[in-house]
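Take a look at the structure below.
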Amino acid sequence: MASDIKILTDKINIPGIETFEVYRKNGGYAAVEKAIKKMSPDEIVEEVKKSGIRGRGGAGFPMGMKWSFLAKPEGIPRYLVCNGDESEPGTFKDHYLMKNIPHLLIEGMIVSSFALGANKSFIYVRGELMYVIRILEKAIEEAKNAGFLGKNILGSGYDLELVVQPGGGAYICGEETALLESLEGKRGNPRNKPPFPAIKGLYQSPTVVNNVESIATTSWIINHGGDEYAKLGIGRSTGTKLISASGHVKKPGVYEIELGLPVEEFIYSDQYLGGIREGHQLKAVVAGGSSVPILPANLIMKTANGEPRLMSYESLSDGGFATGTMLGSGGFIAMDETTCIVRNTWNFSRFYHHESCGQCSPCREGTGWMEKVLHKIEHGHGKMSDIDLLVDVAKRIEGNTICPLGDAAAWPVGSAIRHFRDEFEWHITHPHEATQKGAVFMNKSILV
Amino acid sequence: MEATQLIKVTVDGKTVEVPVGTTIMEAARMIGPEVAPPAMCYYKPLKGSGGKCRACLVKVAQGSEKDPRPMPKLVASCITQAQDGMVVENFSNPDVVNARKGIVEFLLINHPLDCPVCDQAGECHLQDFAFEHGLGTTRYDDERRTFEPEDIGDKIQLNKNRCILCYRCVYTAEQITDSRVHGVMYRGDHAEISTYISKAIENDFSGNVIDVCPVGALTDKTYRFKSRVWFSKPADAHCNCDKCSGKVNLWYKGDEVIRVTARKNQWGEVEDFICNDCRYEKKKTSDWVIEGPTKIPRHSVISANKYAANTIKKPEFAMDFAAHNFKEIDDNRDYNKSLEEIKKSGDYKNLMNKNKALLSK
């Protein structure tokens, strides 16, 4: 069901679209005019609810519902914070959007801030992306000069100040409460929930934290209506989704797909990834960024029931973690048979060990423990009992931590052993071969 | 005056009525120690503490009367508010006990159970926690982090080998002193408590970080290794102090006051923080008005052999649990667990004969 519908990327290739002038000429900021002049904040929230859009940061929580949770006490400011701290290995779609079409995000920020009653909003961008921060700041300046930001926007009496904040450069700062701590100038440690940010967020005030892609989508929803958006996609996975594809595919990059696209079509059709690199076969896929469970090629194409697997929240998670995975943030990593799953798992584990904030015991100690055991297996010093130890440690981290980083560290390990246990065993029984450069275990039975 | 609204909470089958806003931990504590979850980082007098060690995880089997659905994951009882009609499973749920056993194992990675040489032995919450869960070791077999003991001020020694990063000392310094000069540095398992650029902790209330430390990471240099805690005898005493409440415990070894600490409740939490003058400078009985022997309701080695048996509530859950679990010590060696089978073996018979011979002498 290849679809040409593009919501976020339809104008991205227009030369000069990063400038206010070109963006405006191509219909930009129409959503701001419509929202501020013709709609009430509640009507905007209602449209977002109708659209059925789910947060594009990874968790997939309904965005309209999140907005409706926002406490509205009198006399206390409310904040909108855009989470642009994208740093999950394999995920790079927000970066692409902010860099190429910054005004789309700013337009979404204005509409969303107006809907939520926020007069000061923040775009939190990973500190390393300084050039993106400069692009955004320039775009904000342009929007301000044109009267779309600042005091009395379009003569409506509504004021909005938009601030771009460089992040702390740590993966954990992308977790919404750690992001708020970082934004307040503190160490980026996640907060205990409850209270949720909708009740006590930035500076103890009601706050909504949304992902770049989610906020950028609101312009289209306002221009075309929530019902139109809800017609796109499949089931509860409405609309389109940016997928950042990488790995052993012919055409890696950022793709906007309509949710519900069959995974097989996404990988093999020329419109998208164009298949696996010449002469190789697909071995495994991480469908939603490195934190989601890895699936072998046969299970990513079809569910355990034999139905075609679709690019949607529901279809990808069909079968639970036994035979399914998650759409997550849309970081699609395809691996061919030359990939060593043990090495890959160790690599992911190194990342999560390095990025654990260290606040809670299971994550602080468990991520390091898993990495060390995986290091031993990868380097030919593993024991057979290490495999079960890894499973056990992963289980004891999963679900027991303050924030989802613990889960993100545990799921890749647990799933890799679940689906590729023989590869781990081979590493242990063939330590010399396993440590040879380029040596990989090839399980022909799971190749497609 | 407005009447306080009460809600009903059930923990391990025992129901209690508590005011709205009470956490599961506090509700369980109101029922008693037999259902109260362990706490390594939660410390009621310190605002914002809790939620980090995950030792107090519980299963919420029923969210509330209105919404009886269970919570999908285990929750930290110290930070989760109880709801009317909530049903909580604590020691009665094997998943909870197993998860906590995992926490013990994680904590033991970088905290050796070196009780024989640790000054905190007998007062260490991790020692209790490990004992209650039948786990004295960890399967982690890599190199541990090691640090040299560090003097942070003339009266406090920091031993980071034993630090479990509960953040209690950081909250104490933040909340009851004028300026905090220490905190957590680095991330993940590299995280460590440290002063900023080798500063000493110098303020009138700095000694309280020793009292809140659940393990032997922060110790009193004026007391270290003067005695084991079970050889000392605590007494309640007070004095007129212009800085603090002046309510303390004096720890006697014979007639000598070897240590002064703040008074703690049955959960090991300080009732009133005390100043450094009371802690370090007043170590004569004449400095104090003695109120009488300290009652120690918490199950503790401190109380062993000192008081009548009925003054201390025995931790039945812990005793039962430990007894049950120590039978199943993780051991990869191939051995027969059946006593009947063992009795048939030649080894057993030889051993019995040897014993008989020894006894007959």
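Ligands are numbered from 1 in the order shown, residues from 1 within each chain, and chains are lettered A, B, ... in the order they appear in the structure tokens.
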Quick one: DSSP strand (DSSP E or B) residues in region 63-268 of chain B, as a ChimeraX atom specification? /B:75-76,81,86-89,150-151,156-158,182-185,192-195,218-220,233-238,247-253,256-262,264
To test your reading of the structure, identify every residue in region 47-180 of chain A that backbone DSSP assigns to helix (DSSP H, G or I), and report it as a ChimeraX atom specification. /A:47-51,63-68,93-100,102-116,130-145,153-155,171-174,176-180
Judged by only C-alpha atoms, the minimum distance to chain B among A:Ala410, A:Cys82, A:Leu179, A:Ile172 is found for A:Ile172
Nearby residues (only C-alpha atoms) at most 8 Å from region 256-272 of chain A, same-chain spacing under 6 positions excluded, as a PyMOL selection string: chain A and resi 1-3+5-6+8-9+232-234+237-243+249+300-301+308-312
Please identify every residue of chain B that has at least one atom no more than 9 Å from any atom of chain A, counting only C-alpha atoms, and report them as a VMD selection string. chain B and resid 50 to 55 57 73 to 76 79 to 81 98 to 100 102 to 103 106 to 107 109 to 110 139 to 140 142 164 to 167 186 to 191
For C-alpha atoms, I'd like the residues from the last selection saved as a CSV table (one decimal), in the first residue's frame.
```csv
chain,number,residue,atom,x,y,z
B,50,GLY,CA,13.1,8.1,48.1
B,51,GLY,CA,12.5,6.3,44.8
B,52,LYS,CA,16.1,5.6,44.0
B,53,CYS,CA,17.2,2.4,45.6
B,54,ARG,CA,14.0,0.5,44.6
B,55,ALA,CA,14.3,-1.6,47.7
B,57,LEU,CA,9.1,-2.0,45.4
B,73,LYS,CA,4.6,-2.8,37.1
B,74,LEU,CA,6.0,-2.9,40.6
B,75,VAL,CA,6.0,0.5,42.2
B,76,ALA,CA,8.2,2.2,44.7
B,79,ILE,CA,6.8,7.7,46.5
B,80,THR,CA,3.5,6.2,45.5
B,81,GLN,CA,0.4,7.7,47.1
B,98,ASN,CA,12.4,-11.7,43.9
B,99,ALA,CA,12.7,-8.1,42.6
B,100,ARG,CA,14.1,-7.0,45.9
B,102,GLY,CA,17.7,-8.5,42.7
B,103,ILE,CA,18.2,-5.1,44.3
B,106,PHE,CA,22.8,-5.1,42.5
B,107,LEU,CA,23.8,-3.2,45.7
B,109,ILE,CA,28.2,-5.4,43.5
B,110,ASN,CA,29.9,-2.4,44.9
B,139,ARG,CA,27.0,-13.4,40.9
B,140,TYR,CA,29.0,-10.4,39.7
B,142,ASP,CA,34.3,-8.6,37.7
B,164,ILE,CA,25.3,2.8,47.8
B,165,LEU,CA,24.4,6.2,46.4
B,166,CYS,CA,21.2,6.6,48.3
B,167,TYR,CA,21.6,10.4,48.2
B,186,TYR,CA,29.8,11.4,37.2
B,187,ARG,CA,27.1,9.1,35.8
B,188,GLY,CA,25.9,5.5,35.9
B,189,ASP,CA,28.1,3.1,37.8
B,190,HIS,CA,30.9,5.7,37.7
B,191,ALA,CA,28.8,7.9,40.0
```
